[in-house]
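> As input, take data.txt (compact mmCIF, C-alpha atoms):
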# COMPACT_ATOMS: atom_id res chain seq x y z
CA MET A 7 -9.08 -25.11 -10.29
CA LYS A 8 -12.41 -24.49 -8.70
CA ALA A 9 -13.11 -20.87 -7.90
CA HIS A 10 -14.90 -19.43 -4.92
CA ARG A 11 -18.44 -20.16 -6.04
CA ASP A 12 -20.08 -22.34 -3.45
CA ALA A 13 -20.87 -21.67 0.20
CA SER A 14 -17.66 -23.14 1.56
CA GLY A 15 -15.69 -21.31 -1.10
CA ASP A 16 -17.35 -18.07 -0.13
CA ALA A 17 -16.46 -18.67 3.49
CA VAL A 18 -12.83 -19.20 2.57
CA PHE A 19 -12.91 -16.14 0.39
CA ARG A 20 -14.45 -14.08 3.16
CA ALA A 21 -11.75 -15.23 5.55
CA ASP A 22 -9.15 -14.18 3.01
CA LEU A 23 -10.80 -10.77 2.76
CA VAL A 24 -10.83 -10.30 6.52
CA ALA A 25 -7.18 -11.27 6.75
CA ILE A 26 -6.09 -8.91 3.99
CA ILE A 27 -7.87 -5.80 5.31
CA PRO A 28 -4.90 -4.44 7.31
CA SER A 29 -2.54 -4.72 4.35
CA LEU A 30 -5.19 -3.35 2.05
CA ARG A 31 -5.58 -0.31 4.27
CA ALA A 32 -1.82 0.22 4.36
CA PHE A 33 -1.57 0.11 0.59
CA ALA A 34 -4.57 2.40 0.18
CA ARG A 35 -3.14 4.84 2.72
CA GLY A 36 0.11 4.92 0.82
CA LEU A 37 -1.64 5.63 -2.45
CA ALA A 38 -4.26 8.08 -1.25
CA GLY A 39 -2.44 9.59 1.70
CA ASN A 40 -5.68 10.47 3.41
CA ARG A 41 -7.06 8.14 6.03
CA ASP A 42 -10.74 8.53 5.17
CA LEU A 43 -10.32 8.39 1.43
CA ALA A 44 -7.99 5.44 1.77
CA ASP A 45 -10.56 3.55 3.78
CA ASP A 46 -13.17 4.36 1.14
CA LEU A 47 -10.79 2.95 -1.42
CA ALA A 48 -10.20 -0.19 0.62
CA GLN A 49 -13.93 -0.74 1.16
CA GLU A 50 -14.68 -0.35 -2.52
CA THR A 51 -11.93 -2.85 -3.20
CA LEU A 52 -13.57 -5.38 -0.89
CA ILE A 53 -16.87 -4.95 -2.72
CA ARG A 54 -15.24 -5.31 -6.11
CA ALA A 55 -13.22 -8.31 -4.98
CA TRP A 56 -16.35 -10.02 -3.72
CA ALA A 57 -18.17 -9.33 -6.96
CA ALA A 58 -15.23 -10.73 -8.91
CA ARG A 59 -14.54 -13.66 -6.59
CA GLY A 60 -15.50 -16.10 -9.32
CA SER A 61 -12.53 -14.96 -11.35
CA PHE A 62 -10.05 -15.62 -8.58
CA THR A 63 -8.35 -18.97 -8.79
CA ALA A 64 -7.91 -20.52 -5.38
CA GLY A 65 -4.32 -21.24 -4.58
CA THR A 66 -2.97 -18.32 -6.57
CA ASN A 67 -1.64 -15.11 -5.06
CA PHE A 68 -4.63 -13.54 -3.37
CA LYS A 69 -2.70 -10.53 -2.11
CA ALA A 70 -1.42 -9.60 -5.56
CA TRP A 71 -4.89 -10.12 -7.02
CA ILE A 72 -6.69 -7.84 -4.59
CA PHE A 73 -3.93 -5.23 -4.55
CA ARG A 74 -4.32 -5.06 -8.30
CA ILE A 75 -8.03 -4.40 -7.87
CA LEU A 76 -7.32 -1.62 -5.39
CA ARG A 77 -4.68 -0.05 -7.56
CA ASN A 78 -6.80 -0.19 -10.69
CA HIS A 79 -9.70 1.40 -8.87
CA PHE A 80 -7.44 4.14 -7.57
CA TYR A 81 -6.09 5.01 -10.98
CA THR A 82 -9.25 4.60 -13.02
CA THR A 83 -11.74 6.20 -10.71
CA ILE A 84 -10.25 8.19 -7.90
CA LYS A 85 -7.27 9.65 -9.63
CA VAL A 86 -9.26 10.48 -12.75
CA SER A 87 -11.77 12.29 -10.57
CA ARG A 88 -8.85 14.46 -9.44
CA ARG A 89 -9.94 14.27 -5.86
CA PHE A 90 -6.31 13.60 -5.20
CA SER A 91 -4.42 13.62 -8.44
CA SER A 92 -1.34 13.95 -6.29
CA LEU A 93 -0.90 13.25 -2.65
CA ASP A 94 -1.05 16.41 -0.57
CA PRO A 95 2.10 16.68 1.54
CA GLN A 96 0.13 18.53 4.20
CA VAL A 97 -2.02 15.49 4.79
CA ALA A 98 0.75 12.98 4.33
CA GLU A 99 1.34 12.89 8.05
CA GLN A 100 -2.05 11.29 8.39
CA MET A 101 -0.25 8.18 7.26
CA LEU A 102 1.41 8.19 10.64
CA THR A 103 -0.13 6.57 13.62
CA THR A 104 2.33 8.12 16.07
CA PRO A 105 2.11 11.88 16.54
CA PRO A 106 5.36 13.47 15.36
CA ASN A 107 6.22 14.92 18.73
CA GLN A 108 9.45 13.06 19.27
CA GLY A 109 12.71 12.83 17.39
CA GLY A 110 11.73 9.63 15.65
CA GLY A 111 8.29 11.05 15.03
CA LEU A 112 9.75 14.07 13.31
CA LEU A 113 11.83 11.88 11.06
CA MET A 114 8.81 9.79 10.21
CA ALA A 115 6.82 12.92 9.48
CA ASP A 116 9.57 14.08 7.15
CA LEU A 117 9.56 10.70 5.50
CA ALA A 118 5.80 10.81 5.02
CA ARG A 119 6.04 14.25 3.49
CA GLY A 120 8.88 13.11 1.27
CA LEU A 121 6.84 10.13 0.16
CA ALA A 122 4.08 12.50 -0.82
CA THR A 123 6.40 14.30 -3.21
CA LEU A 124 6.95 11.16 -5.27
CA SER A 125 4.80 10.15 -8.19
CA SER A 126 2.10 7.69 -7.22
CA GLU A 127 3.83 5.05 -9.36
CA GLN A 128 7.10 5.47 -7.49
CA ARG A 129 5.32 5.67 -4.16
CA GLU A 130 3.39 2.46 -4.65
CA ALA A 131 6.48 0.60 -5.86
CA LEU A 132 8.51 1.74 -2.86
CA LEU A 133 5.79 0.90 -0.39
CA LEU A 134 5.14 -2.50 -1.88
CA VAL A 135 8.79 -3.50 -1.89
CA GLU A 136 9.27 -2.32 1.67
CA SER A 137 6.15 -4.22 2.69
CA GLY A 138 8.03 -7.33 1.65
CA MET A 139 6.39 -7.98 -1.68
CA PRO A 140 8.75 -9.62 -4.19
CA TRP A 141 9.70 -7.68 -7.29
CA ASP A 142 7.86 -9.98 -9.66
CA GLU A 143 4.67 -9.65 -7.64
CA ILE A 144 4.97 -5.86 -7.73
CA ALA A 145 5.27 -6.11 -11.49
CA ASP A 146 2.15 -8.25 -11.48
CA VAL A 147 0.22 -5.83 -9.29
CA THR A 148 1.26 -2.73 -11.16
CA GLY A 149 1.07 -4.27 -14.62
CA VAL A 150 4.50 -3.15 -15.77
CA PRO A 151 7.67 -5.05 -16.65
CA LEU A 152 10.11 -5.98 -13.92
CA GLY A 153 12.64 -3.49 -15.24
CA THR A 154 10.13 -0.69 -14.86
CA VAL A 155 9.45 -1.73 -11.28
CA LYS A 156 13.17 -1.63 -10.50
CA SER A 157 13.49 1.75 -12.18
CA ARG A 158 10.60 3.20 -10.19
CA ILE A 159 12.00 1.89 -6.95
CA THR A 160 15.46 3.19 -7.72
CA ARG A 161 14.22 6.62 -8.70
CA GLY A 162 11.82 6.76 -5.81
CA ARG A 163 14.56 5.92 -3.33
CA THR A 164 16.85 8.48 -4.88
CA ALA A 165 14.22 11.19 -4.75
CA LEU A 166 13.27 10.30 -1.21
CA ARG A 167 16.84 10.37 -0.05
CA ARG A 168 17.38 13.74 -1.67
CA TYR A 169 14.27 15.02 0.04
CA MET A 170 15.50 13.72 3.38
CA ASP A 171 18.94 15.19 2.82
CA GLY A 172 17.38 18.57 2.31
CA PRO A 173 18.70 21.42 0.18
CA GLU A 174 21.65 22.10 2.47
CA GLY A 175 22.69 18.54 3.01
CA ALA A 176 22.11 17.17 -0.45
CA ALA A 177 24.74 14.65 -1.36
CA PRO A 178 26.27 14.80 -4.82
CA ALA A 179 23.68 13.47 -7.22
CA GLY A 180 26.00 11.02 -8.89
CA LEU A 181 27.06 9.43 -5.65
CA SER A 182 23.56 9.17 -4.32
CA THR A 183 22.14 7.74 -7.52
CA GLY A 184 24.92 5.23 -7.81
CA SER A 185 24.42 4.02 -4.30
CA VAL A 186 20.72 3.62 -4.85
CA ALA A 187 21.23 1.83 -8.14
CA ARG A 188 23.36 -0.80 -6.51
CA ASN A 189 20.76 -1.20 -3.83
CA GLY A 190 17.95 -1.39 -6.36
CA ASP A 191 19.60 -4.20 -8.24
CA VAL A 192 19.47 -6.49 -5.27
CA ALA A 193 16.20 -8.37 -5.42
CA MET B 13 28.84 2.31 1.56
CA LYS B 14 29.51 5.28 3.75
CA ASP B 15 28.75 8.58 2.12
CA LYS B 16 31.98 10.43 2.73
CA TYR B 17 30.65 13.53 1.00
CA ALA B 18 27.73 13.99 3.33
CA PRO B 19 28.22 17.20 5.28
CA PRO B 20 27.55 17.25 9.00
CA GLY B 21 24.10 17.95 10.27
CA VAL B 22 22.19 16.49 7.38
CA GLY B 23 19.84 14.58 9.59
CA GLU B 24 19.67 11.13 10.97
CA LEU B 25 18.02 9.48 8.02
CA ALA B 26 20.44 11.00 5.57
CA ASN B 27 23.37 9.82 7.64
CA GLU B 28 22.02 6.36 7.95
CA GLY B 29 21.26 6.27 4.27
CA LEU B 30 18.83 4.16 2.37
CA GLY B 31 18.60 1.49 5.01
CA ALA B 32 17.02 3.96 7.37
CA ILE B 33 14.64 5.17 4.71
CA GLY B 34 13.61 1.63 4.00
CA GLU B 35 13.10 1.02 7.69
CA GLY B 36 11.04 4.18 7.92
CA LEU B 37 8.84 3.08 5.05
CA ARG B 38 8.35 -0.29 6.67
CA GLN B 39 7.33 1.47 9.87
CA LEU B 40 4.82 3.60 7.96
CA TRP B 41 3.35 0.49 6.41
CA SER B 42 3.26 -1.59 9.56
CA GLY B 43 1.90 1.35 11.52
CA VAL B 44 -1.24 1.28 9.39
CA GLU B 45 -1.36 -2.51 9.34
CA ASN B 46 -1.30 -2.60 13.11
CA GLU B 47 -4.18 -0.18 13.51
CA PRO B 48 -7.39 -1.79 14.71
CA VAL B 49 -9.63 -2.51 11.74
CA PRO B 50 -12.64 -0.16 11.92
CA ASP B 51 -15.95 -1.87 12.49
CA PHE B 52 -17.37 -0.54 9.26
CA PHE B 53 -15.13 -2.88 7.31
CA LEU B 54 -16.60 -5.87 9.03
CA ASP B 55 -20.09 -4.43 8.77
CA LEU B 56 -19.52 -4.13 5.05
CA LEU B 57 -18.49 -7.75 4.79
CA ASP B 58 -21.57 -8.70 6.79
CA ALA B 59 -23.73 -6.85 4.31
CA ILE B 60 -21.96 -8.34 1.33
CA ASP B 61 -22.08 -11.83 2.72
CA ALA B 62 -25.76 -11.55 3.48
CA GLY B 63 -26.38 -10.69 -0.12
CA ARG B 64 -27.93 -7.38 0.75
CA GLN B 65 -25.74 -5.61 -1.74
CA ASP B 66 -25.81 -6.50 -5.37
CA LEU B 67 -23.11 -4.48 -6.98
CA SER B 68 -22.58 -6.78 -9.89
CA GLY B 69 -26.10 -6.27 -11.16
CA GLN B 70 -26.97 -9.89 -10.62
CA PRO B 71 -28.77 -11.40 -7.63
CA TRP B 72 -26.65 -13.36 -5.21
CA ASN B 73 -28.85 -16.22 -4.17
CA ASP B 74 -26.47 -18.25 -2.17
CA HIS B 75 -26.62 -17.09 1.43
CA ALA B 76 -25.77 -20.47 2.88
CA GLY B 77 -22.27 -19.44 3.80
CA HIS B 78 -23.38 -16.54 5.92
CA ASN B 79 -23.83 -18.37 9.21
CA ASP B 80 -20.67 -20.34 8.64
CA CYS B 81 -18.44 -17.31 8.51
CA VAL B 82 -20.05 -14.94 10.97
CA GLY B 83 -17.59 -16.22 13.53
CA LEU B 84 -14.72 -15.08 11.40
CA LEU B 85 -15.66 -11.52 12.12
CA LYS B 86 -15.71 -11.81 15.87
Represent the supplied structure as structure tokens.


Amino acid sequence: MKAHRDASGDAVFRADLVAIIPSLRAFARGLAGNRDLADDLAQETLIRAWAARGSFTAGTNFKAWIFRILRNHFYTTIKVSRRFSSLDPQVAEQMLTTPPNQGGGLLMADLARGLATLSSEQREALLLVESGMPWDEIADVTGVPLGTVKSRITRGRTALRRYMDGPEGAAPAGLSTGSVARNGDVA
Amino acid sequence: MKDKYAPPGVGELANEGLGAIGEGLRQLWSGVENEPVPDFFLDLLDAIDAGRQDLSGQPWNDHAGHNDCVGLLK
């Protein structure tokens, strides 16, 4: 299939880029945790995607393709530079758009902090699945087998629930893990 | 399944279980998605589209699409 190489193809590609920016920012925010650094990551992804537009096959999954570019850039450049080798829980609330000054806001702030305690691999898998991305596409984006994706999601959910439960309210590990595992097996 | 072992006062999300956590994550995601896109993103695309940036190390000579897609940014 013809790639985005001519003027009309570039226009279509540009429209695709414009349309994907909000999702790209959300994914970058989830990975980086910091608004400014996430936007840097998203912008660099746009540049790289444009430069590589000839390798994208029109009609294939554009979202998975560009998310993969973003993720690869995060892991190969940003994470290696150790600017944020792990997401800082203190800045995790920057993921929120609503100030945590209400009951729901407090819960969301807790959730953001809990998310920051996960490994970046678990965090990205959880965010992608909750964004509505199918399991197989997550496997494609992250470059790991489907079973690994399911495992990361299951473990991420378990860890997040334990964080939300807190030390005093922690449910028995076996029960919690079992519940999550059943949930994780449902595609 | 209801967590019958959950003690009282563990917090709303814990009581509601994984469904609430999933909903919370979706809200985090959609919260960012629904933010207005900063102008600098569109400025960047303008610059890229105009061929003013050559990050691949090769000249981009085809600027014909620029005028066609300016409207996409408005």

> Near A:Leu23, counting only C-alpha atoms, which residues have an atom at most 9 Å away, once you skip same-chain residues fewer than 5 positions from it, shown as a ChimeraX atom specification?

/A:18,52,55-56,72 /B:57

> What's around B:Leu40 at 9 Å? Count all atoms listed in the file, leave out sequence neighbours fewer than 3 positions away in its own chain, and write the answer as a ChimeraX atom specification.

/A:32,36,101-103,114,117-118,133 /B:35-37,43-45

> Please, what distance in Å, to one decimal, runs between atom CA of A:Thr66 and atom CA of A:Ser137?

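Separating atom CA of A:Thr66 from atom CA of A:Ser137 is a distance of 19.2 Å.
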
> Atom CA of A:Ala34 and atom CA of A:Leu47, how far apart in Å?

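Atom CA of A:Ala34 lies at a distance of 6.4 Å from atom CA of A:Leu47.
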
> Mind giving me the straight-line distance from atom CA of B:Trp41 to atom CA of A:Ser61 in Å, one decimal?

28.4 Å

> Neighbouring residues of A:Thr51 were defined as those with any atom within 12 Å, considering only C-alpha atoms; residues of the same chain fewer than 4 positions away were excluded. Please report them as a CSV table (one decimal) with C-alpha atoms, keeping the file's coordinate frame.


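Saved result, part17.csv, follows:
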chain,number,residue,atom,x,y,z
A,23,LEU,CA,-10.8,-10.8,2.8
A,26,ILE,CA,-6.1,-8.9,4.0
A,27,ILE,CA,-7.9,-5.8,5.3
A,30,LEU,CA,-5.2,-3.4,2.0
A,31,ARG,CA,-5.6,-0.3,4.3
A,33,PHE,CA,-1.6,0.1,0.6
A,34,ALA,CA,-4.6,2.4,0.2
A,44,ALA,CA,-8.0,5.4,1.8
A,45,ASP,CA,-10.6,3.6,3.8
A,46,ASP,CA,-13.2,4.4,1.1
A,47,LEU,CA,-10.8,3.0,-1.4
A,55,ALA,CA,-13.2,-8.3,-5.0
A,56,TRP,CA,-16.4,-10.0,-3.7
A,57,ALA,CA,-18.2,-9.3,-7.0
A,58,ALA,CA,-15.2,-10.7,-8.9
A,59,ARG,CA,-14.5,-13.7,-6.6
A,71,TRP,CA,-4.9,-10.1,-7.0
A,72,ILE,CA,-6.7,-7.8,-4.6
A,73,PHE,CA,-3.9,-5.2,-4.6
A,74,ARG,CA,-4.3,-5.1,-8.3
A,75,ILE,CA,-8.0,-4.4,-7.9
A,76,LEU,CA,-7.3,-1.6,-5.4
A,77,ARG,CA,-4.7,0.0,-7.6
A,78,ASN,CA,-6.8,-0.2,-10.7
A,79,HIS,CA,-9.7,1.4,-8.9
A,80,PHE,CA,-7.4,4.1,-7.6
A,83,THR,CA,-11.7,6.2,-10.7
B,53,PHE,CA,-15.1,-2.9,7.3
B,56,LEU,CA,-19.5,-4.1,5.0
B,57,LEU,CA,-18.5,-7.8,4.8
B,67,LEU,CA,-23.1,-4.5,-7.0

> Given the choices A:Gln49, A:Thr82, A:Asn40, A:Ser157, which gets closest to chain B if the distance is worked out from only C-alpha atoms?

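Looking at the shortest contact to chain B, the residue is A:Gln49.
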
> Have a look at A:Glu136, A:Arg158, A:Ala48, A:Ala38 and name the one nearest to B:Gly31; count only C-alpha atoms.

A:Glu136

> For each of A:Leu113, A:Ala70, A:Leu37, A:Ala64, take the minimum atom-to-atom distance to A:Glu127, counting only C-alpha atoms, then give the residue where this is smallest.

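Smallest distance to A:Glu127 is found for A:Leu37.
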